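J.: For reference, this is model30.cif, and it has mmCIF, N, CA and C atoms.
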```cif
data_protein
#
loop_
_atom_site.label_atom_id
_atom_site.label_comp_id
_atom_site.auth_asym_id
_atom_site.auth_seq_id
_atom_site.Cartn_x
_atom_site.Cartn_y
_atom_site.Cartn_z
N MET A 1248 -167.65 188.72 -226.66
CA MET A 1248 -168.50 187.66 -226.16
C MET A 1248 -169.69 188.28 -225.44
N LEU A 1249 -170.85 187.70 -225.62
CA LEU A 1249 -172.03 188.18 -224.92
C LEU A 1249 -171.97 187.79 -223.46
N ASN A 1250 -172.85 188.34 -222.67
CA ASN A 1250 -172.89 188.06 -221.25
C ASN A 1250 -173.40 186.64 -221.02
N VAL A 1251 -172.49 185.71 -220.87
CA VAL A 1251 -172.81 184.31 -220.67
C VAL A 1251 -172.17 183.87 -219.37
N PRO A 1252 -172.90 183.16 -218.49
CA PRO A 1252 -172.28 182.68 -217.26
C PRO A 1252 -171.01 181.91 -217.57
N GLY A 1253 -170.01 182.08 -216.74
CA GLY A 1253 -168.76 181.36 -216.95
C GLY A 1253 -167.83 182.05 -217.93
N SER A 1254 -168.16 183.29 -218.34
CA SER A 1254 -167.32 183.97 -219.31
C SER A 1254 -166.69 185.24 -218.76
N GLY A 1255 -166.70 185.43 -217.46
CA GLY A 1255 -166.13 186.62 -216.86
C GLY A 1255 -164.61 186.57 -216.82
N PRO A 1256 -163.99 187.67 -216.40
CA PRO A 1256 -162.53 187.74 -216.39
C PRO A 1256 -161.87 186.75 -215.43
N ASP A 1257 -162.58 186.34 -214.38
CA ASP A 1257 -162.01 185.39 -213.42
C ASP A 1257 -162.42 183.95 -213.71
N SER A 1258 -163.09 183.73 -214.83
CA SER A 1258 -163.58 182.41 -215.19
C SER A 1258 -162.52 181.62 -215.95
N PRO A 1259 -162.73 180.29 -216.03
CA PRO A 1259 -161.81 179.49 -216.84
C PRO A 1259 -161.79 179.99 -218.28
N SER A 1260 -160.83 179.52 -219.07
CA SER A 1260 -160.67 180.01 -220.43
C SER A 1260 -161.88 179.72 -221.31
N SER A 1261 -162.62 178.65 -221.03
CA SER A 1261 -163.84 178.38 -221.80
C SER A 1261 -164.99 178.22 -220.83
N PRO A 1262 -166.18 178.67 -221.23
CA PRO A 1262 -167.35 178.58 -220.34
C PRO A 1262 -167.66 177.13 -219.96
N VAL A 1263 -168.13 176.95 -218.74
CA VAL A 1263 -168.43 175.61 -218.24
C VAL A 1263 -169.92 175.45 -217.98
N CYS A 1264 -170.33 174.22 -217.93
CA CYS A 1264 -171.72 173.84 -217.70
C CYS A 1264 -172.23 174.41 -216.37
N SER A 1265 -173.50 174.81 -216.34
CA SER A 1265 -174.12 175.37 -215.14
C SER A 1265 -174.65 174.30 -214.18
N ALA A 1266 -174.65 173.03 -214.60
CA ALA A 1266 -175.13 171.97 -213.72
C ALA A 1266 -174.24 171.88 -212.48
N LYS A 1267 -174.86 171.61 -211.35
CA LYS A 1267 -174.14 171.55 -210.08
C LYS A 1267 -172.97 170.57 -210.17
N ALA A 1268 -171.80 171.03 -209.80
CA ALA A 1268 -170.56 170.26 -209.73
C ALA A 1268 -170.02 169.82 -211.09
N CYS A 1269 -170.61 170.25 -212.18
CA CYS A 1269 -170.10 169.88 -213.50
C CYS A 1269 -169.07 170.92 -213.94
N ARG A 1270 -167.95 170.48 -214.40
CA ARG A 1270 -166.89 171.39 -214.88
C ARG A 1270 -166.63 171.18 -216.36
N ALA A 1271 -167.53 170.48 -217.05
CA ALA A 1271 -167.36 170.22 -218.48
C ALA A 1271 -167.55 171.50 -219.28
N ASP A 1272 -166.92 171.55 -220.44
CA ASP A 1272 -167.08 172.70 -221.32
C ASP A 1272 -168.54 172.83 -221.75
N ALA A 1273 -169.02 174.04 -221.77
CA ALA A 1273 -170.39 174.31 -222.21
C ALA A 1273 -170.48 174.19 -223.72
N VAL A 1274 -171.59 173.64 -224.18
CA VAL A 1274 -171.86 173.50 -225.61
C VAL A 1274 -173.17 174.21 -225.96
N TRP A 1275 -174.06 174.33 -224.99
CA TRP A 1275 -175.41 174.86 -225.20
C TRP A 1275 -175.67 176.06 -224.30
N VAL A 1276 -176.50 176.98 -224.79
CA VAL A 1276 -177.03 178.09 -223.99
C VAL A 1276 -178.53 177.87 -223.86
N LEU A 1277 -179.01 177.85 -222.64
CA LEU A 1277 -180.43 177.74 -222.36
C LEU A 1277 -180.91 179.13 -221.94
N ALA A 1278 -181.69 179.77 -222.80
CA ALA A 1278 -182.20 181.11 -222.52
C ALA A 1278 -183.56 180.96 -221.84
N TRP A 1279 -183.75 181.69 -220.76
CA TRP A 1279 -184.97 181.54 -219.98
C TRP A 1279 -185.34 182.86 -219.31
N ASN A 1280 -186.56 182.91 -218.83
CA ASN A 1280 -186.95 183.99 -217.93
C ASN A 1280 -188.10 183.52 -217.04
N ASN A 1281 -188.20 184.13 -215.90
CA ASN A 1281 -189.29 183.88 -214.97
C ASN A 1281 -190.30 184.99 -215.19
N PRO A 1282 -191.46 184.67 -215.77
CA PRO A 1282 -192.43 185.73 -216.10
C PRO A 1282 -192.94 186.49 -214.88
N LYS A 1283 -192.80 185.92 -213.69
CA LYS A 1283 -193.22 186.64 -212.49
C LYS A 1283 -192.22 187.70 -212.07
N LEU A 1284 -190.98 187.57 -212.57
CA LEU A 1284 -189.92 188.49 -212.18
C LEU A 1284 -189.37 189.34 -213.32
N HIS A 1285 -189.40 188.80 -214.54
CA HIS A 1285 -188.74 189.45 -215.67
C HIS A 1285 -189.73 189.91 -216.72
N THR A 1286 -189.36 190.97 -217.43
CA THR A 1286 -190.16 191.41 -218.57
C THR A 1286 -190.07 190.34 -219.66
N PRO A 1287 -191.05 190.26 -220.56
CA PRO A 1287 -191.06 189.19 -221.57
C PRO A 1287 -189.81 189.12 -222.44
N GLU A 1288 -189.17 190.25 -222.73
CA GLU A 1288 -187.99 190.23 -223.60
C GLU A 1288 -186.70 189.87 -222.86
N ARG A 1289 -186.71 189.90 -221.54
CA ARG A 1289 -185.51 189.60 -220.74
C ARG A 1289 -185.12 188.14 -220.88
N ARG A 1290 -183.84 187.87 -221.05
CA ARG A 1290 -183.35 186.50 -221.14
C ARG A 1290 -182.19 186.31 -220.18
N LYS A 1291 -182.36 185.39 -219.27
CA LYS A 1291 -181.29 184.92 -218.40
C LYS A 1291 -180.70 183.71 -219.12
N THR A 1292 -179.49 183.30 -218.77
CA THR A 1292 -178.89 182.16 -219.45
C THR A 1292 -178.25 181.18 -218.47
N TRP A 1293 -178.37 179.93 -218.81
CA TRP A 1293 -177.61 178.85 -218.19
C TRP A 1293 -176.83 178.21 -219.32
N LEU A 1294 -175.70 177.64 -218.98
CA LEU A 1294 -174.90 176.91 -219.94
C LEU A 1294 -175.02 175.42 -219.65
N ALA A 1295 -174.89 174.61 -220.70
CA ALA A 1295 -174.98 173.17 -220.51
C ALA A 1295 -173.99 172.44 -221.40
N CYS A 1296 -173.45 171.36 -220.86
CA CYS A 1296 -172.67 170.44 -221.68
C CYS A 1296 -173.68 169.49 -222.35
N ASP A 1297 -173.21 168.65 -223.25
CA ASP A 1297 -174.12 167.71 -223.91
C ASP A 1297 -174.84 166.82 -222.90
N GLU A 1298 -174.13 166.38 -221.87
CA GLU A 1298 -174.70 165.47 -220.88
C GLU A 1298 -175.85 166.10 -220.08
N HIS A 1299 -175.76 167.39 -219.77
CA HIS A 1299 -176.76 168.03 -218.90
C HIS A 1299 -177.80 168.87 -219.62
N ARG A 1300 -177.69 169.00 -220.93
CA ARG A 1300 -178.64 169.86 -221.68
C ARG A 1300 -180.09 169.43 -221.44
N GLU A 1301 -180.39 168.17 -221.59
CA GLU A 1301 -181.77 167.71 -221.43
C GLU A 1301 -182.27 167.90 -220.00
N HIS A 1302 -181.45 167.57 -219.02
CA HIS A 1302 -181.86 167.72 -217.62
C HIS A 1302 -182.17 169.18 -217.28
N LEU A 1303 -181.26 170.08 -217.65
CA LEU A 1303 -181.48 171.50 -217.34
C LEU A 1303 -182.66 172.06 -218.14
N SER A 1304 -182.82 171.62 -219.37
CA SER A 1304 -183.96 172.06 -220.19
C SER A 1304 -185.28 171.63 -219.55
N LYS A 1305 -185.33 170.39 -219.08
CA LYS A 1305 -186.55 169.89 -218.43
C LYS A 1305 -186.84 170.68 -217.15
N PHE A 1306 -185.81 170.95 -216.37
CA PHE A 1306 -185.96 171.71 -215.13
C PHE A 1306 -186.61 173.06 -215.40
N LEU A 1307 -186.10 173.77 -216.40
CA LEU A 1307 -186.66 175.08 -216.75
C LEU A 1307 -188.01 174.95 -217.44
N GLY A 1308 -188.15 173.95 -218.30
CA GLY A 1308 -189.39 173.76 -219.05
C GLY A 1308 -190.59 173.44 -218.17
N ILE A 1309 -190.40 172.60 -217.17
CA ILE A 1309 -191.49 172.25 -216.25
C ILE A 1309 -192.04 173.50 -215.58
N ARG A 1310 -191.19 174.46 -215.32
CA ARG A 1310 -191.60 175.69 -214.64
C ARG A 1310 -192.13 176.74 -215.62
N GLY A 1311 -192.05 176.44 -216.92
CA GLY A 1311 -192.50 177.39 -217.93
C GLY A 1311 -191.51 178.52 -218.17
N PHE A 1312 -190.25 178.31 -217.79
CA PHE A 1312 -189.23 179.36 -217.91
C PHE A 1312 -188.43 179.27 -219.21
N LEU A 1313 -188.26 178.08 -219.79
CA LEU A 1313 -187.37 177.89 -220.93
C LEU A 1313 -187.92 178.58 -222.17
N LYS A 1314 -187.09 179.39 -222.80
CA LYS A 1314 -187.49 180.13 -224.00
C LYS A 1314 -186.76 179.64 -225.25
N ASP A 1315 -185.50 179.24 -225.10
CA ASP A 1315 -184.72 178.83 -226.28
C ASP A 1315 -183.51 178.04 -225.84
N VAL A 1316 -183.08 177.12 -226.71
CA VAL A 1316 -181.84 176.37 -226.52
C VAL A 1316 -181.06 176.48 -227.81
N VAL A 1317 -179.86 177.04 -227.73
CA VAL A 1317 -179.02 177.21 -228.93
C VAL A 1317 -177.60 176.79 -228.61
N ARG A 1318 -176.87 176.44 -229.64
CA ARG A 1318 -175.46 176.09 -229.46
C ARG A 1318 -174.69 177.36 -229.04
N LEU A 1319 -173.73 177.18 -228.20
CA LEU A 1319 -172.95 178.30 -227.66
C LEU A 1319 -172.35 179.17 -228.77
N GLU A 1320 -171.81 178.55 -229.81
CA GLU A 1320 -171.19 179.36 -230.87
C GLU A 1320 -172.21 180.21 -231.61
N GLU A 1321 -173.46 179.75 -231.70
CA GLU A 1321 -174.51 180.58 -232.32
C GLU A 1321 -174.85 181.77 -231.42
N TRP A 1322 -174.92 181.53 -230.13
CA TRP A 1322 -175.25 182.58 -229.16
C TRP A 1322 -174.18 183.66 -229.16
N GLU A 1323 -172.93 183.25 -229.30
CA GLU A 1323 -171.80 184.20 -229.27
C GLU A 1323 -171.59 184.94 -230.58
N SER A 1324 -172.07 184.38 -231.69
CA SER A 1324 -171.81 184.99 -233.00
C SER A 1324 -172.60 186.30 -233.13
N PRO A 1325 -171.98 187.29 -233.75
CA PRO A 1325 -172.68 188.58 -233.94
C PRO A 1325 -173.88 188.42 -234.85
N GLU A 1326 -174.91 189.18 -234.55
CA GLU A 1326 -176.13 189.13 -235.38
C GLU A 1326 -175.84 189.79 -236.72
N ALA A 1327 -176.37 189.16 -237.76
CA ALA A 1327 -176.16 189.72 -239.11
C ALA A 1327 -177.15 190.80 -239.41
#
```
For this file, produce the structure as structure tokens.

T.:
Amino acid sequence: MLNVPGSGPDSPSSPVCSAKACRADAVWVLAWNNPKLHTPERRKTWLACDEHREHLSKFLGIRGFLKDVVRLEEWESPEA
């Protein structure tokens, strides 16, 4: 598994949404970076359930941070 929040050894068995107080299973990966802090190729990640994907995407998008939104299984799959 790639480095995704909620996927560490002390984490629940499946990754959970990054929205505050949400414990739903993650379905989406929101890849982002802060251009003032990160190099252009650097990608930080937040996870989102279906309910919070749009809210978290808007939060990052308004700031110009959002780079990509992909389904979790695509993010985890090995590159061909």

J.: Do you know which residues are at most 5 Å from Thr1292 in chain A counting all atoms listed in the file, after dropping those on the same chain fewer than 5 positions away, and could you put them as a count of residues only?

T.: 3

J.: Please measure the separation of CA of Glu1321 in chain A and CA of Leu1284 in chain A, giving the value in Å to one decimal.

T.: 26.6 Å

J.: Report, in Å with one decimal, the straight-line distance from CA of Arg1290 in chain A to CA of Arg1270 in chain A.

T.: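 Straight-line distance from CA of Arg1290 in chain A to CA of Arg1270 in chain A works out to 23.2 Å.
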
J.: CA of Ser1265 in chain A and CA of Glu1301 in chain A are how many Å apart?

T.: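 Taking CA of Ser1265 in chain A as the start and CA of Glu1301 in chain A as the end point, the length is 12.5 Å.
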
J.: Report as a PyMOL selection string: the residues of range 1267-1304 of chain A with a DSSP assignment of helix (DSSP H, G or I), based on the backbone of this structure.

T.: chain A and resi 1300-1304

J.: Considering only C-alpha atoms, can you say which of A:Lys1305, A:Leu1294, A:Glu1288, A:Asn1281 comes closest to Ser1261 in chain A?

T.: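 Of all the options, A:Leu1294 lies closest to Ser1261 in chain A.
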
J.: So which one's closest to Ala1273 in chain A, A:Gly1311, A:Pro1325, A:Asp1297, A:Thr1286? Using only C-alpha atoms, please.

T.: A:Asp1297

J.: Counting all atoms listed in the file, which residue out of A:Leu1319, A:Lys1314, A:Pro1287, A:Trp1275 sits closest to Arg1300 in chain A?

T.: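 Of A:Leu1319, A:Lys1314, A:Pro1287, A:Trp1275, the one nearest Arg1300 in chain A is A:Trp1275, counting all atoms listed in the file.
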
J.: Near Cys1269 in chain A, counting only C-alpha atoms, which residues have an atom at most 9 Å away, once you skip same-chain residues fewer than 6 positions from it, shown as an NGL selection string?

T.: :A and (1263 or 1296 or 1299)

J.: So that I can check the secondary structure, give me every residue of chain A assigned strand (DSSP E or B) by backbone DSSP, as a PyMOL selection string.

T.: chain A and resi 1263+1272+1275-1279+1291-1295+1313-1318

J.: Pull N, CA and C atoms from the residues just selected and write them as a CSV table (one decimal), keeping the file's coordinate frame.

T.:
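Dumped to selection.csv:
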```csv
chain,number,residue,atom,x,y,z
A,1263,VAL,N,-168.1,177.0,-218.7
A,1263,VAL,CA,-168.4,175.6,-218.2
A,1263,VAL,C,-169.9,175.4,-218.0
A,1272,ASP,N,-166.9,171.6,-220.4
A,1272,ASP,CA,-167.1,172.7,-221.3
A,1272,ASP,C,-168.5,172.8,-221.8
A,1275,TRP,N,-174.1,174.3,-225.0
A,1275,TRP,CA,-175.4,174.9,-225.2
A,1275,TRP,C,-175.7,176.1,-224.3
A,1276,VAL,N,-176.5,177.0,-224.8
A,1276,VAL,CA,-177.0,178.1,-224.0
A,1276,VAL,C,-178.5,177.9,-223.9
A,1277,LEU,N,-179.0,177.8,-222.6
A,1277,LEU,CA,-180.4,177.7,-222.4
A,1277,LEU,C,-180.9,179.1,-221.9
A,1278,ALA,N,-181.7,179.8,-222.8
A,1278,ALA,CA,-182.2,181.1,-222.5
A,1278,ALA,C,-183.6,181.0,-221.8
A,1279,TRP,N,-183.8,181.7,-220.8
A,1279,TRP,CA,-185.0,181.5,-220.0
A,1279,TRP,C,-185.3,182.9,-219.3
A,1291,LYS,N,-182.4,185.4,-219.3
A,1291,LYS,CA,-181.3,184.9,-218.4
A,1291,LYS,C,-180.7,183.7,-219.1
A,1292,THR,N,-179.5,183.3,-218.8
A,1292,THR,CA,-178.9,182.2,-219.4
A,1292,THR,C,-178.2,181.2,-218.5
A,1293,TRP,N,-178.4,179.9,-218.8
A,1293,TRP,CA,-177.6,178.8,-218.2
A,1293,TRP,C,-176.8,178.2,-219.3
A,1294,LEU,N,-175.7,177.6,-219.0
A,1294,LEU,CA,-174.9,176.9,-219.9
A,1294,LEU,C,-175.0,175.4,-219.6
A,1295,ALA,N,-174.9,174.6,-220.7
A,1295,ALA,CA,-175.0,173.2,-220.5
A,1295,ALA,C,-174.0,172.4,-221.4
A,1313,LEU,N,-188.3,178.1,-219.8
A,1313,LEU,CA,-187.4,177.9,-220.9
A,1313,LEU,C,-187.9,178.6,-222.2
A,1314,LYS,N,-187.1,179.4,-222.8
A,1314,LYS,CA,-187.5,180.1,-224.0
A,1314,LYS,C,-186.8,179.6,-225.2
A,1315,ASP,N,-185.5,179.2,-225.1
A,1315,ASP,CA,-184.7,178.8,-226.3
A,1315,ASP,C,-183.5,178.0,-225.8
A,1316,VAL,N,-183.1,177.1,-226.7
A,1316,VAL,CA,-181.8,176.4,-226.5
A,1316,VAL,C,-181.1,176.5,-227.8
A,1317,VAL,N,-179.9,177.0,-227.7
A,1317,VAL,CA,-179.0,177.2,-228.9
A,1317,VAL,C,-177.6,176.8,-228.6
A,1318,ARG,N,-176.9,176.4,-229.6
A,1318,ARG,CA,-175.5,176.1,-229.5
A,1318,ARG,C,-174.7,177.4,-229.0
```

J.: Between A:Ala1271, A:Leu1303, A:His1285, A:Pro1262, which one has atoms that come closest to Val1316 in chain A, using only C-alpha atoms?

T.: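 With only C-alpha atoms as the atom set, the closest residue is A:Leu1303.
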
J.: Could you check the closest approach to Leu1313 in chain A for each of A:Ala1266, A:Trp1293, A:Glu1298, A:Asn1280 and tell me which residue wins, using all atoms listed in the file?

T.: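 Smallest distance to Leu1313 in chain A is found for A:Asn1280.
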
J.: Go through A:Glu1323, A:Ser1304, A:Arg1289, A:Ala1295 and flag the residue nearest Val1276 in chain A, using only C-alpha atoms for the distances.

T.: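 Among the listed residues, the smallest separation from Val1276 in chain A belongs to A:Ala1295.
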
J.: Could I see range 1256-1277 of chain A restored to N, CA, C and O atoms, set down as a short mmCIF file (atom, residue, chain, number, x, y, z; two decimals), in the coordinates of the input?

T.:
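Output file selection.cif is given in full below:
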```cif
data_model
loop_
_atom_site.label_atom_id
_atom_site.label_comp_id
_atom_site.auth_asym_id
_atom_site.auth_seq_id
_atom_site.Cartn_x
_atom_site.Cartn_y
_atom_site.Cartn_z
N PRO A 1256 -163.99 187.67 -216.40
CA PRO A 1256 -162.53 187.74 -216.39
C PRO A 1256 -161.87 186.75 -215.43
O PRO A 1256 -160.74 186.35 -215.64
N ASP A 1257 -162.58 186.34 -214.38
CA ASP A 1257 -162.01 185.39 -213.42
C ASP A 1257 -162.42 183.95 -213.71
O ASP A 1257 -162.13 183.05 -212.94
N SER A 1258 -163.09 183.73 -214.83
CA SER A 1258 -163.58 182.41 -215.19
C SER A 1258 -162.52 181.62 -215.95
O SER A 1258 -161.57 182.19 -216.47
N PRO A 1259 -162.73 180.29 -216.03
CA PRO A 1259 -161.81 179.49 -216.84
C PRO A 1259 -161.79 179.99 -218.28
O PRO A 1259 -162.66 180.75 -218.69
N SER A 1260 -160.83 179.52 -219.07
CA SER A 1260 -160.67 180.01 -220.43
C SER A 1260 -161.88 179.72 -221.31
O SER A 1260 -162.15 180.43 -222.26
N SER A 1261 -162.62 178.65 -221.03
CA SER A 1261 -163.84 178.38 -221.80
C SER A 1261 -164.99 178.22 -220.83
O SER A 1261 -164.83 177.71 -219.72
N PRO A 1262 -166.18 178.67 -221.23
CA PRO A 1262 -167.35 178.58 -220.34
C PRO A 1262 -167.66 177.13 -219.96
O PRO A 1262 -167.46 176.22 -220.76
N VAL A 1263 -168.13 176.95 -218.74
CA VAL A 1263 -168.43 175.61 -218.24
C VAL A 1263 -169.92 175.45 -217.98
O VAL A 1263 -170.66 176.42 -217.82
N CYS A 1264 -170.33 174.22 -217.93
CA CYS A 1264 -171.72 173.84 -217.70
C CYS A 1264 -172.23 174.41 -216.37
O CYS A 1264 -171.49 174.47 -215.38
N SER A 1265 -173.50 174.81 -216.34
CA SER A 1265 -174.12 175.37 -215.14
C SER A 1265 -174.65 174.30 -214.18
O SER A 1265 -175.07 174.63 -213.08
N ALA A 1266 -174.65 173.03 -214.60
CA ALA A 1266 -175.13 171.97 -213.72
C ALA A 1266 -174.24 171.88 -212.48
O ALA A 1266 -173.02 172.05 -212.57
N LYS A 1267 -174.86 171.61 -211.35
CA LYS A 1267 -174.14 171.55 -210.08
C LYS A 1267 -172.97 170.57 -210.17
O LYS A 1267 -173.14 169.43 -210.59
N ALA A 1268 -171.80 171.03 -209.80
CA ALA A 1268 -170.56 170.26 -209.73
C ALA A 1268 -170.02 169.82 -211.09
O ALA A 1268 -169.03 169.11 -211.14
N CYS A 1269 -170.61 170.25 -212.18
CA CYS A 1269 -170.10 169.88 -213.50
C CYS A 1269 -169.07 170.92 -213.94
O CYS A 1269 -169.32 172.12 -213.84
N ARG A 1270 -167.95 170.48 -214.40
CA ARG A 1270 -166.89 171.39 -214.88
C ARG A 1270 -166.63 171.18 -216.36
O ARG A 1270 -165.62 171.64 -216.90
N ALA A 1271 -167.53 170.48 -217.05
CA ALA A 1271 -167.36 170.22 -218.48
C ALA A 1271 -167.55 171.50 -219.28
O ALA A 1271 -168.26 172.42 -218.86
N ASP A 1272 -166.92 171.55 -220.44
CA ASP A 1272 -167.08 172.70 -221.32
C ASP A 1272 -168.54 172.83 -221.75
O ASP A 1272 -169.20 171.84 -222.06
N ALA A 1273 -169.02 174.04 -221.77
CA ALA A 1273 -170.39 174.31 -222.21
C ALA A 1273 -170.48 174.19 -223.72
O ALA A 1273 -169.57 174.60 -224.44
N VAL A 1274 -171.59 173.64 -224.18
CA VAL A 1274 -171.86 173.50 -225.61
C VAL A 1274 -173.17 174.21 -225.96
O VAL A 1274 -173.36 174.65 -227.07
N TRP A 1275 -174.06 174.33 -224.99
CA TRP A 1275 -175.41 174.86 -225.20
C TRP A 1275 -175.67 176.06 -224.30
O TRP A 1275 -175.17 176.14 -223.18
N VAL A 1276 -176.50 176.98 -224.79
CA VAL A 1276 -177.03 178.09 -223.99
C VAL A 1276 -178.53 177.87 -223.86
O VAL A 1276 -179.23 177.70 -224.86
N LEU A 1277 -179.01 177.85 -222.64
CA LEU A 1277 -180.43 177.74 -222.36
C LEU A 1277 -180.91 179.13 -221.94
O LEU A 1277 -180.52 179.64 -220.88
#
```
